[in-house]
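File shown here: final_9.txt, holding compact mmCIF, C-alpha atoms.
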# COMPACT_ATOMS: atom_id res chain seq x y z
CA MET W 1 -13.61 -50.63 126.46
CA ASN W 2 -15.10 -48.55 123.69
CA ILE W 3 -16.53 -45.10 124.32
CA VAL W 4 -20.11 -46.35 124.81
CA GLU W 5 -19.04 -48.88 127.43
CA GLN W 6 -17.03 -46.18 129.17
CA VAL W 7 -20.04 -43.82 129.22
CA LEU W 8 -22.18 -46.57 130.71
CA ALA W 9 -19.48 -47.32 133.27
CA GLY W 10 -19.57 -43.69 134.40
CA SER W 11 -16.43 -42.22 132.80
CA LYS W 12 -16.73 -38.43 132.70
CA ARG W 13 -14.11 -38.15 130.01
CA ALA W 14 -16.05 -40.56 127.77
CA LEU W 15 -19.29 -38.71 128.49
CA ALA W 16 -17.65 -35.42 127.47
CA ARG W 17 -16.19 -36.97 124.31
CA ALA W 18 -19.47 -38.59 123.32
CA ILE W 19 -21.24 -35.22 123.51
CA THR W 20 -18.50 -33.64 121.37
CA ALA W 21 -18.81 -36.41 118.78
CA VAL W 22 -22.55 -35.87 118.52
CA GLU W 23 -22.33 -32.08 118.57
CA ASN W 24 -19.71 -32.03 115.81
CA GLU W 25 -21.47 -34.80 113.87
CA TYR W 26 -18.39 -37.01 113.79
CA ASP W 27 -18.74 -40.27 111.85
CA GLU W 28 -18.93 -42.35 115.03
CA ALA W 29 -21.79 -40.21 116.45
CA VAL W 30 -24.63 -42.27 114.94
CA GLU W 31 -23.16 -45.50 116.26
CA ILE W 32 -22.70 -44.00 119.74
CA MET W 33 -26.33 -42.88 119.84
CA GLN W 34 -27.55 -46.22 118.50
CA GLN W 35 -25.80 -48.08 121.29
CA LEU W 36 -26.72 -45.63 124.05
CA TYR W 37 -30.39 -45.36 123.12
CA PRO W 38 -31.54 -48.56 124.91
CA HIS W 39 -30.09 -47.13 128.13
CA THR W 40 -32.08 -43.88 127.97
CA GLY W 41 -35.49 -42.93 129.31
CA ARG W 42 -34.66 -43.17 133.01
CA ALA W 43 -33.71 -39.59 133.89
CA HIS W 44 -36.25 -36.91 134.70
CA VAL W 45 -35.56 -33.97 132.42
CA ILE W 46 -36.21 -30.46 133.77
CA GLY W 47 -36.16 -27.45 131.47
CA ILE W 48 -35.29 -24.04 132.90
CA THR W 49 -36.19 -21.14 130.63
CA GLY W 50 -36.84 -17.43 130.91
CA PRO W 51 -35.53 -14.03 129.82
CA PRO W 52 -31.82 -13.08 130.00
CA GLY W 53 -30.74 -12.22 133.52
CA ALA W 54 -33.75 -13.84 135.19
CA GLY W 55 -31.45 -16.06 137.23
CA LYS W 56 -31.73 -19.37 135.37
CA SER W 57 -28.14 -20.44 136.09
CA THR W 58 -28.26 -19.51 139.76
CA LEU W 59 -31.58 -21.30 140.13
CA THR W 60 -30.19 -24.38 138.39
CA ASP W 61 -27.19 -24.28 140.74
CA LYS W 62 -29.39 -24.14 143.82
CA LEU W 63 -31.84 -26.81 142.63
CA THR W 64 -28.92 -29.08 141.83
CA LYS W 65 -27.48 -28.69 145.33
CA GLU W 66 -30.88 -29.61 146.76
CA TYR W 67 -31.04 -32.75 144.60
CA ARG W 68 -27.50 -33.64 145.63
CA ARG W 69 -28.56 -33.45 149.30
CA GLN W 70 -31.17 -36.05 148.42
CA GLY W 71 -28.42 -38.21 146.96
CA LYS W 72 -29.48 -37.85 143.33
CA THR W 73 -26.98 -37.41 140.50
CA VAL W 74 -27.43 -34.47 138.15
CA GLY W 75 -26.48 -33.58 134.59
CA ILE W 76 -26.73 -29.97 133.43
CA ILE W 77 -26.80 -28.73 129.84
CA ALA W 78 -26.39 -24.97 129.72
CA VAL W 79 -27.10 -23.37 126.35
CA ASP W 80 -25.85 -19.92 125.39
CA PRO W 81 -26.18 -18.10 122.06
CA THR W 82 -23.74 -18.52 119.19
CA SER W 83 -22.84 -15.33 117.34
CA PRO W 84 -24.61 -15.31 113.98
CA PHE W 85 -21.67 -13.42 112.51
CA SER W 86 -18.53 -15.21 113.68
CA GLY W 87 -20.00 -18.59 114.67
CA GLY W 88 -18.21 -18.17 117.99
CA ALA W 89 -19.81 -18.04 121.41
CA ILE W 90 -19.11 -17.12 124.99
CA LEU W 91 -20.59 -19.80 127.21
CA GLY W 92 -20.72 -18.30 130.68
CA ASP W 93 -23.29 -20.26 132.65
CA ARG W 94 -20.64 -22.15 134.62
CA ILE W 95 -19.74 -18.91 136.42
CA ARG W 96 -22.85 -19.39 138.59
CA MET W 97 -22.18 -23.08 139.12
CA ASN W 98 -18.53 -23.20 140.14
CA GLU W 99 -19.24 -24.92 143.43
CA LEU W 100 -20.66 -27.89 141.50
CA THR W 101 -17.55 -28.42 139.36
CA LEU W 102 -15.78 -30.77 141.76
CA ASP W 103 -18.93 -32.63 142.82
CA GLU W 104 -18.50 -36.19 141.53
CA GLY W 105 -22.28 -36.54 141.13
CA VAL W 106 -22.67 -33.55 138.82
CA PHE W 107 -21.71 -33.14 135.17
CA ILE W 108 -22.08 -29.75 133.46
CA ARG W 109 -21.81 -29.17 129.73
CA SER W 110 -22.09 -25.79 127.99
CA MET W 111 -23.41 -25.71 124.43
CA GLY W 112 -23.64 -22.92 121.85
CA THR W 113 -26.87 -22.67 119.84
CA ARG W 114 -24.91 -22.98 116.56
CA GLY W 115 -27.66 -21.45 114.46
CA SER W 116 -30.65 -23.05 116.16
CA LEU W 117 -33.36 -20.50 116.99
CA GLY W 118 -35.64 -22.25 119.47
CA GLY W 119 -33.63 -21.55 122.62
CA LEU W 120 -31.65 -24.81 122.51
CA SER W 121 -28.85 -26.10 120.33
CA ARG W 122 -29.58 -28.63 117.60
CA LYS W 123 -27.94 -31.43 119.56
CA THR W 124 -29.29 -30.63 123.03
CA ALA W 125 -31.74 -33.54 122.94
CA GLU W 126 -28.91 -35.94 122.10
CA ALA W 127 -26.75 -34.55 124.91
CA VAL W 128 -29.66 -35.15 127.30
CA LYS W 129 -29.83 -38.78 126.16
CA ILE W 130 -26.09 -39.28 126.66
CA MET W 131 -26.31 -37.94 130.24
CA ASP W 132 -29.40 -40.07 130.80
CA ALA W 133 -27.58 -43.19 129.59
CA ALA W 134 -24.62 -42.27 131.81
CA GLY W 135 -26.97 -42.73 134.75
CA LYS W 136 -27.86 -39.19 135.80
CA ASP W 137 -31.10 -39.19 137.80
CA ILE W 138 -31.96 -35.61 136.89
CA VAL W 139 -30.97 -33.71 133.74
CA PHE W 140 -31.41 -29.94 133.66
CA ILE W 141 -31.62 -28.09 130.37
CA GLU W 142 -30.97 -24.40 130.82
CA THR W 143 -32.02 -22.55 127.69
CA VAL W 144 -30.56 -19.35 126.30
CA GLY W 145 -32.19 -16.21 127.63
CA VAL W 146 -35.45 -16.27 125.70
CA GLY W 147 -37.85 -13.62 124.48
CA GLN W 148 -41.36 -14.73 123.65
CA SER W 149 -41.34 -17.61 121.25
CA GLU W 150 -38.31 -19.83 121.86
CA VAL W 151 -40.16 -22.87 123.12
CA ASP W 152 -38.11 -25.86 121.91
CA VAL W 153 -37.37 -26.80 125.52
CA ILE W 154 -40.79 -28.46 125.91
CA LYS W 155 -39.84 -30.90 123.18
CA ALA W 156 -36.97 -32.15 125.32
CA ALA W 157 -38.09 -31.65 128.94
CA ASP W 158 -40.56 -33.55 131.13
CA THR W 159 -41.06 -30.57 133.43
CA THR W 160 -40.56 -26.99 132.27
CA ILE W 161 -39.93 -24.17 134.72
CA VAL W 162 -40.40 -20.67 133.33
CA VAL W 163 -38.37 -18.18 135.37
CA LEU W 164 -39.64 -14.60 135.43
CA VAL W 165 -38.55 -11.52 137.32
CA PRO W 166 -40.61 -8.52 138.46
CA GLY W 167 -40.56 -5.33 136.46
CA LEU W 168 -40.14 -6.50 132.88
CA GLY W 169 -43.42 -5.54 131.25
CA ASP W 170 -47.09 -4.73 131.54
CA ASP W 171 -49.96 -7.19 131.75
CA ILE W 172 -50.48 -7.54 128.00
CA GLN W 173 -47.11 -9.30 127.87
CA ALA W 174 -48.59 -12.02 130.03
CA ILE W 175 -51.53 -12.82 127.77
CA LYS W 176 -49.52 -13.05 124.56
CA ALA W 177 -48.77 -16.53 123.30
CA GLY W 178 -45.39 -18.17 123.67
CA ILE W 179 -43.17 -19.03 126.58
CA LEU W 180 -45.82 -18.36 129.20
CA GLU W 181 -47.90 -21.16 127.70
CA ILE W 182 -45.20 -23.78 128.08
CA ALA W 183 -44.74 -23.48 131.85
CA ASP W 184 -45.48 -26.45 134.06
CA ILE W 185 -44.25 -24.33 136.94
CA PHE W 186 -43.61 -20.60 137.23
CA ALA W 187 -40.75 -19.32 139.33
CA ILE W 188 -40.79 -15.62 140.12
CA ASN W 189 -37.13 -15.10 140.89
CA LYS W 190 -35.60 -12.04 142.56
CA ALA W 191 -38.86 -11.99 144.51
CA ASP W 192 -37.41 -9.52 146.99
CA ARG W 193 -37.81 -6.82 144.35
CA GLU W 194 -40.59 -4.37 143.86
CA GLY W 195 -43.39 -5.52 141.58
CA VAL W 196 -43.55 -9.13 142.71
CA GLU W 197 -47.21 -8.93 143.81
CA ARG W 198 -48.25 -7.44 140.51
CA LEU W 199 -46.38 -10.05 138.45
CA ASN W 200 -47.85 -12.82 140.58
CA THR W 201 -51.37 -11.48 140.01
CA GLU W 202 -50.78 -11.13 136.28
CA ILE W 203 -49.64 -14.74 135.98
CA GLU W 204 -52.59 -15.98 138.05
CA MET W 205 -54.99 -13.96 135.88
CA MET W 206 -53.46 -15.37 132.74
CA LEU W 207 -53.83 -18.90 134.15
CA GLU W 208 -57.43 -18.10 135.04
CA LEU W 209 -58.16 -17.37 131.38
CA ASN W 210 -56.46 -20.54 130.29
CA GLN W 211 -59.16 -23.09 129.58
CA THR W 212 -57.12 -25.79 127.94
CA ARG W 213 -55.23 -27.37 130.82
CA VAL W 214 -57.64 -28.03 133.62
CA ASP W 215 -55.92 -31.06 135.13
CA TRP W 216 -52.66 -29.31 136.03
CA ARG W 217 -52.64 -25.68 136.96
CA PRO W 218 -49.04 -24.43 136.92
CA PRO W 219 -48.13 -23.32 140.42
CA VAL W 220 -46.43 -19.95 140.89
CA LYS W 221 -43.45 -20.09 143.25
CA ARG W 222 -41.38 -17.19 144.55
CA THR W 223 -37.62 -17.53 144.84
CA VAL W 224 -34.56 -15.47 145.60
CA ALA W 225 -32.05 -17.86 144.06
CA SER W 226 -28.96 -15.90 145.08
CA LEU W 227 -29.98 -16.28 148.75
CA GLY W 228 -31.35 -19.80 148.37
CA GLU W 229 -34.87 -18.70 149.30
CA GLY W 230 -37.85 -20.64 147.99
CA ILE W 231 -35.72 -23.43 146.51
CA THR W 232 -37.19 -26.21 148.65
CA GLU W 233 -40.72 -25.07 147.78
CA LEU W 234 -39.85 -24.97 144.08
CA LEU W 235 -38.47 -28.48 144.28
CA VAL W 236 -41.65 -29.67 145.98
CA ALA W 237 -43.59 -28.24 143.02
CA VAL W 238 -41.33 -30.19 140.65
CA GLU W 239 -41.93 -33.40 142.61
CA GLU W 240 -45.69 -32.77 142.52
CA HIS W 241 -45.50 -32.28 138.78
CA ILE W 242 -43.57 -35.52 138.37
CA SER W 243 -46.17 -37.47 140.33
CA TYR W 244 -48.95 -35.79 138.35
CA LEU W 245 -47.22 -36.86 135.11
CA GLN W 246 -46.91 -40.40 136.37
CA LYS W 247 -50.46 -40.71 137.71
CA SER W 248 -52.10 -39.25 134.63
CA ASP W 249 -51.21 -40.49 131.18
CA GLN W 250 -49.30 -37.25 130.54
CA LEU W 251 -45.78 -38.63 130.89
CA SER W 252 -46.31 -41.40 128.37
CA MET W 253 -48.21 -39.03 126.07
CA ARG W 254 -45.39 -36.49 126.20
CA ARG W 255 -42.78 -39.13 125.61
CA THR W 256 -44.70 -40.67 122.70
CA LYS W 257 -44.98 -37.23 121.15
CA ARG W 258 -41.27 -36.66 121.72
CA THR W 259 -40.33 -39.98 120.14
CA LYS W 260 -42.47 -39.12 117.13
CA ASN W 261 -40.93 -35.64 116.87
CA GLU W 262 -37.44 -37.07 117.10
CA LEU W 263 -38.10 -39.61 114.36
CA MET W 264 -39.57 -36.88 112.15
CA ALA W 265 -36.61 -34.60 112.83
CA LEU W 266 -34.12 -37.36 112.00
CA LEU W 267 -36.01 -38.17 108.80
CA ASP W 268 -36.11 -34.49 107.93
CA GLU W 269 -32.37 -34.17 108.50
CA GLN W 270 -31.52 -37.26 106.43
CA ILE W 271 -33.85 -36.31 103.59
CA GLY W 272 -32.45 -32.80 103.60
CA ARG W 273 -28.92 -34.15 103.43
CA TYR W 274 -29.82 -36.57 100.65
CA ILE W 275 -31.45 -33.87 98.59
CA LEU W 276 -28.55 -31.53 99.17
CA LYS W 277 -26.16 -34.19 97.94
CA ASN W 278 -28.17 -35.40 94.96
CA ILE W 279 -29.93 -32.34 93.67
CA THR W 280 -28.73 -28.99 94.83
CA SER W 281 -25.07 -29.71 94.15
CA SER W 282 -25.73 -30.71 90.53
CA GLY W 283 -25.17 -28.44 87.54
CA GLU W 284 -28.79 -28.94 86.55
CA PHE W 285 -29.88 -27.23 89.75
CA THR W 286 -27.89 -24.09 88.91
CA ALA W 287 -29.68 -23.93 85.55
CA VAL W 288 -33.04 -24.31 87.27
CA VAL W 289 -32.24 -21.47 89.68
CA ALA W 290 -31.47 -19.23 86.73
CA ALA W 291 -34.69 -20.24 84.99
CA VAL W 292 -36.74 -19.44 88.07
CA GLU W 293 -34.99 -16.12 88.44
CA ARG W 294 -35.85 -15.19 84.83
CA ARG W 295 -39.48 -16.13 85.61
CA GLU W 296 -39.38 -18.79 82.91
CA ARG W 297 -40.32 -21.38 85.50
CA ASP W 298 -42.00 -21.07 88.88
CA PRO W 299 -40.41 -22.46 92.07
CA TYR W 300 -43.46 -24.53 93.04
CA SER W 301 -43.57 -26.77 89.99
CA VAL W 302 -39.74 -26.94 89.94
CA VAL W 303 -39.74 -28.34 93.48
CA ALA W 304 -42.53 -30.78 92.65
CA ASN W 305 -40.50 -32.01 89.66
CA LEU W 306 -37.28 -32.34 91.63
CA LEU W 307 -39.03 -34.32 94.34
CA ARG W 308 -40.53 -36.67 91.78
CA GLN W 309 -37.04 -37.32 90.42
CA VAL W 310 -35.60 -38.10 93.83
CA LEU W 311 -38.42 -40.25 95.13
CA ARG W 312 -38.73 -42.27 91.96
CA MET Y 1 -18.19 -31.25 109.94
CA GLU Y 2 -19.32 -28.64 112.43
CA LYS Y 3 -16.12 -28.81 114.44
CA ARG Y 4 -15.48 -25.68 116.43
CA ILE Y 5 -12.47 -25.07 118.59
CA ARG Y 6 -13.54 -24.98 122.23
CA VAL Y 7 -11.44 -22.94 124.64
CA LEU Y 8 -11.70 -22.69 128.41
CA VAL Y 9 -10.69 -19.20 129.52
CA ALA Y 10 -9.88 -19.46 133.20
CA LYS Y 11 -8.51 -17.32 135.97
CA PRO Y 12 -6.59 -19.36 138.53
CA GLY Y 13 -5.52 -17.84 141.80
CA LEU Y 14 -6.68 -14.99 143.91
CA ASP Y 15 -6.41 -11.79 141.89
CA GLY Y 16 -9.69 -10.18 140.90
CA HIS Y 17 -8.61 -8.60 137.64
CA ASP Y 18 -10.56 -10.17 134.79
CA ARG Y 19 -10.52 -7.36 132.22
CA GLY Y 20 -7.78 -9.07 130.23
CA ALA Y 21 -9.47 -12.46 130.36
CA LYS Y 22 -12.72 -10.92 129.14
CA VAL Y 23 -11.02 -9.09 126.26
CA VAL Y 24 -9.36 -12.35 125.20
CA ALA Y 25 -12.64 -14.27 125.56
CA ARG Y 26 -14.42 -11.76 123.35
CA ALA Y 27 -11.65 -11.79 120.74
CA LEU Y 28 -11.70 -15.59 120.62
CA ARG Y 29 -15.48 -15.53 120.23
CA ASP Y 30 -15.16 -13.14 117.31
CA ALA Y 31 -12.61 -15.50 115.76
CA GLY Y 32 -15.26 -18.23 115.78
CA PHE Y 33 -14.19 -20.16 118.88
CA GLU Y 34 -16.58 -21.48 121.50
CA VAL Y 35 -15.30 -19.93 124.70
CA ILE Y 36 -16.25 -21.34 128.08
CA TYR Y 37 -15.68 -18.68 130.70
CA THR Y 38 -15.71 -19.80 134.32
CA GLY Y 39 -15.08 -16.58 136.23
CA LEU Y 40 -12.67 -15.56 138.94
CA ARG Y 41 -10.65 -17.40 141.57
CA GLN Y 42 -10.60 -20.91 140.23
CA THR Y 43 -8.49 -23.66 141.74
CA PRO Y 44 -6.36 -25.77 139.37
CA GLU Y 45 -8.62 -28.74 140.19
CA GLN Y 46 -11.75 -26.79 139.19
CA ILE Y 47 -10.14 -25.60 135.96
CA VAL Y 48 -9.02 -29.04 134.84
CA GLU Y 49 -12.34 -30.67 135.80
CA ALA Y 50 -14.28 -28.00 133.84
CA ALA Y 51 -11.93 -28.54 130.87
CA LEU Y 52 -12.62 -32.27 131.04
CA GLN Y 53 -16.42 -31.92 131.18
CA GLU Y 54 -16.45 -29.31 128.43
CA ASP Y 55 -14.01 -31.37 126.33
CA VAL Y 56 -12.03 -28.30 125.33
CA ALA Y 57 -9.00 -28.37 123.04
CA VAL Y 58 -7.40 -25.35 124.71
CA ILE Y 59 -7.06 -23.97 128.23
CA ALA Y 60 -6.19 -20.26 128.26
CA LEU Y 61 -5.07 -19.05 131.69
CA SER Y 62 -5.01 -15.45 132.81
CA LEU Y 63 -3.14 -14.58 135.98
CA LEU Y 64 -1.92 -11.33 137.46
CA SER Y 65 -1.20 -12.31 141.03
CA GLY Y 66 2.35 -13.55 140.57
CA ALA Y 67 1.52 -17.15 141.42
CA HIS Y 68 2.01 -18.40 137.86
CA ASN Y 69 5.14 -20.44 138.64
CA HIS Y 70 3.08 -22.50 141.04
CA LEU Y 71 -0.38 -22.60 139.42
CA PHE Y 72 0.42 -23.03 135.71
CA PRO Y 73 2.61 -26.15 136.15
CA ARG Y 74 0.06 -27.58 138.58
CA ILE Y 75 -2.67 -27.31 135.91
CA VAL Y 76 -0.41 -28.98 133.34
CA GLU Y 77 0.29 -31.78 135.81
CA LEU Y 78 -3.40 -32.33 136.59
CA CYS Y 79 -4.16 -32.52 132.86
CA ARG Y 80 -1.49 -35.20 132.52
CA GLN Y 81 -2.99 -37.17 135.39
CA LYS Y 82 -6.41 -37.11 133.74
CA ASP Y 83 -5.08 -38.28 130.40
CA MET Y 84 -5.60 -34.83 128.89
CA SER Y 85 -2.09 -34.19 127.62
CA ASP Y 86 -3.48 -33.32 124.19
CA VAL Y 87 -5.05 -30.14 125.59
CA LEU Y 88 -3.11 -27.03 124.54
CA ILE Y 89 -2.35 -24.87 127.57
CA VAL Y 90 -1.45 -21.21 127.15
CA GLY Y 91 -1.06 -18.48 129.74
CA GLY Y 92 -1.04 -14.71 129.93
CA GLY Y 93 -0.67 -11.85 132.37
CA VAL Y 94 2.09 -9.92 134.07
CA ILE Y 95 4.72 -12.61 133.83
CA PRO Y 96 8.43 -11.72 133.99
CA ASP Y 97 10.45 -12.78 130.92
CA THR Y 98 12.78 -14.72 133.17
CA ASP Y 99 9.95 -17.01 134.26
CA ILE Y 100 8.84 -17.93 130.75
CA PRO Y 101 11.46 -20.62 129.94
CA GLY Y 102 10.59 -22.45 133.17
CA LEU Y 103 6.86 -22.35 132.41
CA LYS Y 104 7.44 -23.67 128.90
CA ALA Y 105 9.64 -26.44 130.24
CA ALA Y 106 6.78 -27.35 132.58
CA GLY Y 107 4.45 -27.80 129.62
CA VAL Y 108 2.81 -24.41 129.04
CA ALA Y 109 2.77 -24.08 125.24
CA GLU Y 110 3.08 -20.30 125.12
CA VAL Y 111 3.06 -17.32 127.46
CA PHE Y 112 1.58 -14.00 126.33
CA THR Y 113 2.77 -10.90 128.16
CA PRO Y 114 1.28 -7.38 128.16
CA GLY Y 115 1.30 -5.82 124.70
CA THR Y 116 0.48 -9.05 122.88
CA THR Y 117 -2.24 -8.50 120.28
CA THR Y 118 -5.34 -10.69 120.44
CA SER Y 119 -4.69 -11.71 116.83
CA ALA Y 120 -1.31 -13.16 117.88
CA ILE Y 121 -3.08 -15.29 120.50
CA ILE Y 122 -5.71 -16.44 117.98
CA GLU Y 123 -3.07 -17.32 115.42
CA PHE Y 124 -1.02 -19.27 117.95
CA ILE Y 125 -4.05 -21.31 118.99
CA GLN Y 126 -5.16 -21.99 115.43
CA THR Y 127 -1.67 -23.14 114.48
CA ASN Y 128 -0.99 -25.31 117.51
CA VAL Y 129 -4.34 -26.81 118.51
CA LYS Y 130 -4.55 -30.58 118.13

Could you rewrite the structure in this file as structure tokens?
Amino acid sequence: MNIVEQVLAGSKRALARAITAVENEYDEAVEIMQQLYPHTGRAHVIGITGPPGAGKSTLTDKLTKEYRRQGKTVGIIAVDPTSPFSGGAILGDRIRMNELTLDEGVFIRSMGTRGSLGGLSRKTAEAVKIMDAAGKDIVFIETVGVGQSEVDVIKAADTTIVVLVPGLGDDIQAIKAGILEIADIFAINKADREGVERLNTEIEMMLELNQTRVDWRPPVKRTVASLGEGITELLVAVEEHISYLQKSDQLSMRRTKRTKNELMALLDEQIGRYILKNITSSGEFTAVVAAVERRERDPYSVVANLLRQVLR
Amino acid sequence: MEKRIRVLVAKPGLDGHDRGAKVVARALRDAGFEVIYTGLRQTPEQIVEAALQEDVAVIALSLLSGAHNHLFPRIVELCRQKDMSDVLIVGGGVIPDTDIPGLKAAGVAEVFTPGTTTSAIIEFIQTNVK
């Protein structure tokens, strides 16, 4: 059996290796993805995002246990930041999920962002597809701890849960653009802390001002993940969102948009690579750089010229 | 291409002292490794299963409870059973010199005792990783 057949047959080792191949861009990666692609599109993908320390990993752990009680299999991709200086990373999300390690129906993979800035790693979407093809019913994507604008998770997830905690900021934070806009569901975690009422009100007020999404108003759920409180209710909200997606045309719209984005991103990557190989590594390019630096030529017409050469 | 060495830093057994493991994890990160840290009190089964899912090239074990003669060889054995013999397994902690030959014979590639510099650990991994 080759690696693709092994992934489809449920081998964890093959699943792990396939993700590595894709993440490291090994030669066989494209072929693996080509063969796995027809087997994707079955899993429901849930994004979990929010600021550092909000409890994303603990919440993922608890939601996974709930899904396991329902007999569903779960894949988890936990993203943590890569150091911009050394290229190394400490991936520590498993600490909160140790009880899941020996569960045969759960597969957890940690990924470093490796230079990607949107809260995911560059290959997260591919890793989701591999887990999907391996037959996981649910795939969680846990983002890095985000600030205000790392919103890539919506490109990969069907349902996005934004996890907030009381006491992080005043109400103007809630009306800024960014991660608050991407929530399909809000989870106020650590809801046994002071400030929970105020945060709840602020989110509701922000949603009140939001005119654009009338057909689905993101519910606000309170949880204390460490104690397992509010998990069932949060899961009910997820199920409601799934049935909303299915009843409306939202799911197919989101997936069409995703397919388009993925094709564009692949094109972008290939074109970038081609240009890198054919233009920027040539001696001519070095001369052009010098000319632009001396203000003898301007970068805009240089780029237009270079493109004309390549696309001829 | 973008290959990065992935290391699982794990603490088997029942002692709660993870300062050393954290120092090593940080040093490995600064050397450009991707370090998966799983926290305290891991069973050999948990460690090997996490190593499998994370597809690491190295398992670095930290242990100060004195149970190394039992737990380290057990982890090596579990790796063998799961067809993961290519994973480099190293250990560290308060381990008597007299125990080291036995651990190496059991398949632990190297044992680092107190006083070892983090750069020695990094160099060993870079030289011996498959």

In Å, how far is it from CA of Ala31 (chain Y) to CA of Val146 (chain W)?
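It comes out at 24.9 Å.
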
What residues in chain W have any atom no more than 9 Å from chain Y when counting all atoms listed in the file, and can you write them as an MDAnalysis selection string?
chainID W and resid 12:13 15:17 19:20 23:26 82:83 85:99 101:102 107:112 114

All residues 9 Å or closer to Asp192 (chain W), all atoms listed in the file, same chain fewer than 4 positions away omitted, as a count of residues only:
4

Extract, using only C-alpha atoms, all DNA, RNA and protein residues at most 8 Å from Leu71 (chain Y), discarding same-chain residues fewer than 5 positions from it, and format them as a short mmCIF file (atom, residue, chain, number, x, y, z; two decimals) with C-alpha atoms, in the frame of the given file.
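Just written: result-v8.cif:
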data_model
loop_
_atom_site.label_atom_id
_atom_site.label_comp_id
_atom_site.auth_asym_id
_atom_site.auth_seq_id
_atom_site.Cartn_x
_atom_site.Cartn_y
_atom_site.Cartn_z
CA PRO Y 12 -6.59 -19.36 138.53
CA GLY Y 13 -5.52 -17.84 141.80
CA PRO Y 44 -6.36 -25.77 139.37
#

Rank Y:Ser85, Y:Gly92, Y:Thr116, Y:Arg74 by their smallest atom-to-atom distance to Ala21 (chain Y), using all atoms listed in the file, and report the top residue only.
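Checking each of Y:Ser85, Y:Gly92, Y:Thr116, Y:Arg74 against Ala21 (chain Y), counting all atoms listed in the file, the winner is Y:Gly92.
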
Spatial neighbours of Lys155 (chain W), max dist 10 Å, all atoms listed in the file, sep filter under 5 positions, as a list in words
Gly47, Ala125, Thr160, Arg254, Arg255, Lys257, Arg258, Thr259, Asn261 and Glu262 of chain W

Excluding Lys130 (chain Y) and residues on its chain fewer than 5 positions from it, collect all residues at most 9 Å away from it, counting only C-alpha atoms, and give them as a compact mmCIF listing (two decimals) with C-alpha atoms, in the frame of the given file.
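Just written: out-v1.txt:
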# COMPACT_ATOMS: atom_id res chain seq x y z
CA ALA Y 57 -9.00 -28.37 123.04
CA VAL Y 58 -7.40 -25.35 124.71
CA ASP Y 86 -3.48 -33.32 124.19
CA VAL Y 87 -5.05 -30.14 125.59
CA LEU Y 88 -3.11 -27.03 124.54

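CA of Ile242 (chain W) sits 8.1 Å away from CA of Asp158 (chain W).
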
I'd like to know which of Y:Gln81, Y:Lys11, Y:Gly66, Y:Ile75 is closest to Pro96 (chain Y), using all atoms listed in the file.
Y:Gly66

Counting all atoms listed in the file, which of W:Gly167, W:Gly283, W:Pro52, W:Gly272 gets nearest to Glu142 (chain W)?
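The shortest atom-to-atom distance to Glu142 (chain W) comes from W:Pro52.
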
Work out how far apart CA of Thr58 (chain W) and CA of Ser226 (chain W) are and give it in Å to one decimal.
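About the pair CA of Thr58 (chain W) and CA of Ser226 (chain W): they are 6.5 Å apart.
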
Point out the residue among W:Trp216, W:Leu311, W:Thr49, W:Asp298 with the least atom-to-atom distance to Ser243 (chain W), counting all atoms listed in the file.
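That would be W:Trp216, the residue with the smallest distance to Ser243 (chain W).
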
When distances are computed from only C-alpha atoms, which of Y:Leu63, Y:Gly107, Y:Thr98, Y:Gly93 shows the smallest separation from Leu78 (chain Y)?
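For Leu78 (chain Y), the nearest of the given residues is Y:Gly107.
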
Considering all atoms listed in the file, can you say which of Y:Phe72, Y:Gln126, Y:Arg80, Y:Val94 comes closest to Ala106 (chain Y)?
Y:Phe72

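When the distance limit is 6 Å and all atoms listed in the file are what count, the residues near Thr113 (chain W), minus those fewer than 5 positions from it on the same chain, are Pro81, Thr82, Leu120 and Ser121 of chain W.
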